[in-house]
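Participant: Supplied in structure tokens, the structure appears directly below.
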Amino acid sequence: MNLYLLQLVNGIGLGMLYFVLAVGLSIIFGLLRFVNFAHGAFFLLGAYATFQLVSAGFNFWLTLLLAPLLVGGLAWVAETLLFRKVYHLPHELHILITVGLALVMQEAVIMAWGPLGNNVAPPDALQGVVAWGDFIYPKYRLFVIAAGVVMAAVLGVLLAGTRLGAIVRAGSESSEMVALLGLNIRRIFSLVFALGAGTAALAGALAAPIRGVDPFMGVEALGIAFVTVVVGGMGSFAGALAGGLLVGVVQSMMSTLWPPGSNLMIYVAMAFVLLLRPNGLLGRA
């Protein structure tokens, strides 16, 4: 029984990590209608920024702030110099351009840190395990769950209870209407794009002590992010949370019941959800 409880908690932890990874992709698509295949590369950069900063002696808690800021700043520059010039083009060209940028970032990581993986140690306070009777669980994974809950609360308040969130929601319905109100829609686009990339980088920073870092982790993360967003519903904040938890729990439970098929089953779950709800669990028609 403890084995399945352990896998369920693992699944919730994975789900919260997938939510932090995918929510930026969902918000960017909801506002900009931009298909960003470079999202996994921002996750990769966040993980490597954490590795580099921790290796240089920075406090791990500080890296959780610095890595998203650094990657978000880079995303702001990329959006300003490149992406905003192609928003009006078909989605197929969005995919080609962002895949090209993702490959450039992956090759840059290989040139800087080599093709082999590296480990990132969790902070001293989060090493070891906690025990409740017979149930034993790693402290760091509990921290990841808590961090995901905090991120969900912060983003929920930001999108639902602030002026910026109201503008983003209005912009997702009609960017022309927002521009007519005298708001700088281009600056809002840049800010949302940087925020989305920053959340992907934070997911990379949180994942680094669990799985280590390697130059190809961005490709894996991109597939997970799209599955999460499609399951939850494109452009839906709550859908990203529901999708992340569903994908995480399915993957974790299947790793016990059928280990070779654990990754395959998340795509089966996606197909099952789309058969019942073509717009995803909480997506709009």
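FYI, nothing fancy with the structure tokens labels: chains A, B, ... in order, residues from 1 per chain, ligands from 1 as they appear.
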Which residues are close to Val213 in chain A, i.e. within 12 Å by only C-alpha atoms, leaving aside same-chain residues fewer than 6 positions away? Reply as a list in words.
Facilitator: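 These residues fall inside the cut-off: Phe43, Leu44, Leu45, Gly46, Ala47, Tyr48, Ala49, Thr50, Phe51, Gln52, Val109, Ile110, Trp113, Gly114, Pro115, Leu116, Gly117, Asn118, Asn119, Val120, Ala121, Gly204, Ala205, Leu206, Ala207 and Ala221 of chain A.
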Participant: For Tyr137 in chain A, work out the shell of residues within 12 Å, counting only C-alpha atoms and skipping chain neighbours fewer than 4 positions away, then give it as an MDAnalysis selection string.
Facilitator: chainID A and resid 2:3 5:10 13 126:133 141:143
Participant: Generate a file of the selected residues that holds N, CA and C atoms, formatted as a CSV table (one decimal), in the first residue's frame.
Facilitator:
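In the end it all went to result20.csv:
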```csv
chain,number,residue,atom,x,y,z
A,2,ASN,N,1.9,1.2,0.8
A,2,ASN,CA,2.8,2.4,0.9
A,2,ASN,C,3.4,2.7,-0.5
A,3,LEU,N,3.7,1.6,-1.3
A,3,LEU,CA,4.3,1.8,-2.6
A,3,LEU,C,3.4,2.7,-3.5
A,5,LEU,N,0.9,4.7,-2.4
A,5,LEU,CA,0.8,6.0,-1.8
A,5,LEU,C,2.1,6.8,-2.2
A,6,LEU,N,3.2,6.2,-2.2
A,6,LEU,CA,4.5,6.9,-2.6
A,6,LEU,C,4.4,7.4,-4.0
A,7,GLN,N,3.9,6.5,-4.9
A,7,GLN,CA,3.8,6.8,-6.3
A,7,GLN,C,2.8,7.9,-6.5
A,8,LEU,N,1.7,7.9,-5.7
A,8,LEU,CA,0.7,9.0,-5.9
A,8,LEU,C,1.3,10.3,-5.5
A,9,VAL,N,2.0,10.3,-4.4
A,9,VAL,CA,2.6,11.6,-4.0
A,9,VAL,C,3.7,12.0,-5.0
A,10,ASN,N,4.5,11.0,-5.5
A,10,ASN,CA,5.4,11.4,-6.5
A,10,ASN,C,4.7,12.0,-7.7
A,13,GLY,N,3.8,15.5,-7.1
A,13,GLY,CA,5.0,16.3,-7.2
A,13,GLY,C,5.4,16.6,-8.7
A,126,LEU,N,17.2,20.7,2.7
A,126,LEU,CA,16.2,19.8,2.0
A,126,LEU,C,16.8,18.5,1.6
A,127,GLN,N,18.0,18.2,2.2
A,127,GLN,CA,18.5,16.8,2.0
A,127,GLN,C,17.9,15.9,3.1
A,128,GLY,N,17.9,14.6,2.7
A,128,GLY,CA,17.3,13.6,3.6
A,128,GLY,C,15.8,13.4,3.4
A,129,VAL,N,15.2,12.7,4.4
A,129,VAL,CA,13.8,12.4,4.2
A,129,VAL,C,13.0,12.8,5.5
A,130,VAL,N,11.7,12.8,5.3
A,130,VAL,CA,10.8,12.9,6.4
A,130,VAL,C,10.0,11.6,6.6
A,131,ALA,N,9.6,11.3,7.8
A,131,ALA,CA,8.9,10.0,8.1
A,131,ALA,C,7.6,10.3,8.8
A,132,TRP,N,6.5,9.7,8.4
A,132,TRP,CA,5.2,9.6,9.1
A,132,TRP,C,4.9,8.2,9.3
A,133,GLY,N,5.3,7.6,10.4
A,133,GLY,CA,5.0,6.2,10.6
A,133,GLY,C,5.9,5.4,9.6
A,141,ARG,N,11.5,16.6,-2.6
A,141,ARG,CA,10.3,16.4,-3.4
A,141,ARG,C,9.1,17.1,-2.8
A,142,LEU,N,9.1,17.1,-1.5
A,142,LEU,CA,8.0,17.8,-0.8
A,142,LEU,C,8.1,19.3,-1.0
A,143,PHE,N,9.3,19.8,-1.0
A,143,PHE,CA,9.5,21.2,-1.3
A,143,PHE,C,9.0,21.5,-2.7
```
Participant: For the atom pair CA of Asp124 in chain A and CA of Ala203 in chain A, what is the interatomic distance in Å to one decimal place?
Facilitator: 20.0 Å
Participant: So that I can check the secondary structure, give me every residue of range 90-233 of chain A assigned strand (DSSP E) by backbone DSSP, as a list in words.
Facilitator: Val129, Val130, Ala131, Trp132, Phe135, Ile136, Tyr137 and Pro138 of chain A
Participant: Could you save the residues just selected, with N, CA and C atoms, as a PDB file, in the first residue's frame?
Facilitator:
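Writing the result to result05.pdb gives the following:
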```pdb
ATOM      1  N   VAL A 129      15.195  12.738   4.389  1.00  0.00           N
ATOM      2  CA  VAL A 129      13.795  12.361   4.236  1.00  0.00           C
ATOM      3  C   VAL A 129      13.002  12.786   5.472  1.00  0.00           C
ATOM      4  N   VAL A 130      11.683  12.779   5.306  1.00  0.00           N
ATOM      5  CA  VAL A 130      10.785  12.934   6.447  1.00  0.00           C
ATOM      6  C   VAL A 130      10.007  11.630   6.588  1.00  0.00           C
ATOM      7  N   ALA A 131       9.580  11.317   7.816  1.00  0.00           N
ATOM      8  CA  ALA A 131       8.897  10.039   8.061  1.00  0.00           C
ATOM      9  C   ALA A 131       7.624  10.290   8.835  1.00  0.00           C
ATOM     10  N   TRP A 132       6.507   9.689   8.352  1.00  0.00           N
ATOM     11  CA  TRP A 132       5.250   9.640   9.094  1.00  0.00           C
ATOM     12  C   TRP A 132       4.901   8.159   9.275  1.00  0.00           C
ATOM     13  N   PHE A 135       5.646   5.680   6.430  1.00  0.00           N
ATOM     14  CA  PHE A 135       5.781   6.404   5.156  1.00  0.00           C
ATOM     15  C   PHE A 135       6.992   7.331   5.209  1.00  0.00           C
ATOM     16  N   ILE A 136       7.913   7.138   4.284  1.00  0.00           N
ATOM     17  CA  ILE A 136       9.143   7.931   4.219  1.00  0.00           C
ATOM     18  C   ILE A 136       9.193   8.623   2.863  1.00  0.00           C
ATOM     19  N   TYR A 137       9.545   9.923   2.891  1.00  0.00           N
ATOM     20  CA  TYR A 137       9.537  10.662   1.626  1.00  0.00           C
ATOM     21  C   TYR A 137      10.661  11.698   1.607  1.00  0.00           C
ATOM     22  N   PRO A 138      11.309  11.908   0.431  1.00  0.00           N
ATOM     23  CA  PRO A 138      12.404  12.889   0.364  1.00  0.00           C
ATOM     24  C   PRO A 138      11.914  14.314   0.614  1.00  0.00           C
TER      25      PRO A 138
END
```
Participant: Which residue, A:Gly244, A:Pro260, A:Pro123, A:Gly72, has the smallest gap to Gly57 in chain A when you use only C-alpha atoms?
Facilitator: A:Pro123
Participant: My list of candidates is A:Ile167, A:Leu241, A:Val219, A:Val249. Which is closest to Gly182 in chain A when distances are computed with only C-alpha atoms?
Facilitator: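 Going through A:Ile167, A:Leu241, A:Val219, A:Val249 one by one, the smallest distance to Gly182 in chain A is for A:Ile167.
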Participant: Find, counting only C-alpha atoms, the residue in A:Val231, A:Val54, A:Ala197, A:Ala179 that gets nearest to Glu79 in chain A.
Facilitator: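 Closest candidate: A:Ala197.
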Participant: Using only C-alpha atoms, which residue out of A:Ile188, A:Leu89, A:Ala152, A:Leu82 lies closest to Arg33 in chain A?
Facilitator: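 For Arg33 in chain A, the nearest of the given residues is A:Leu89.
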Participant: Taking into account only C-alpha atoms, which residue in the set A:Gly283, A:Pro68, A:Gly212, A:Gly148 is nearest to Tyr18 in chain A?
Facilitator: A:Gly148
Participant: Please provide as a ChimeraX atom specification all residues within 9 Å of Leu274 in chain A, with the sequence filter that same-chain residues fewer than 5 positions apart are discarded (counting only C-alpha atoms).
Facilitator: /A:230-231,269,279-281
Participant: Would you compute the distance between CA of Leu14 in chain A and CA of Val157 in chain A? Give it in Å to one decimal.
Facilitator: 22.7 Å
Participant: What is the distance, in Å and to one decimal place, between CA of Gln251 in chain A and CA of Gly15 in chain A?
Facilitator: 9.3 Å
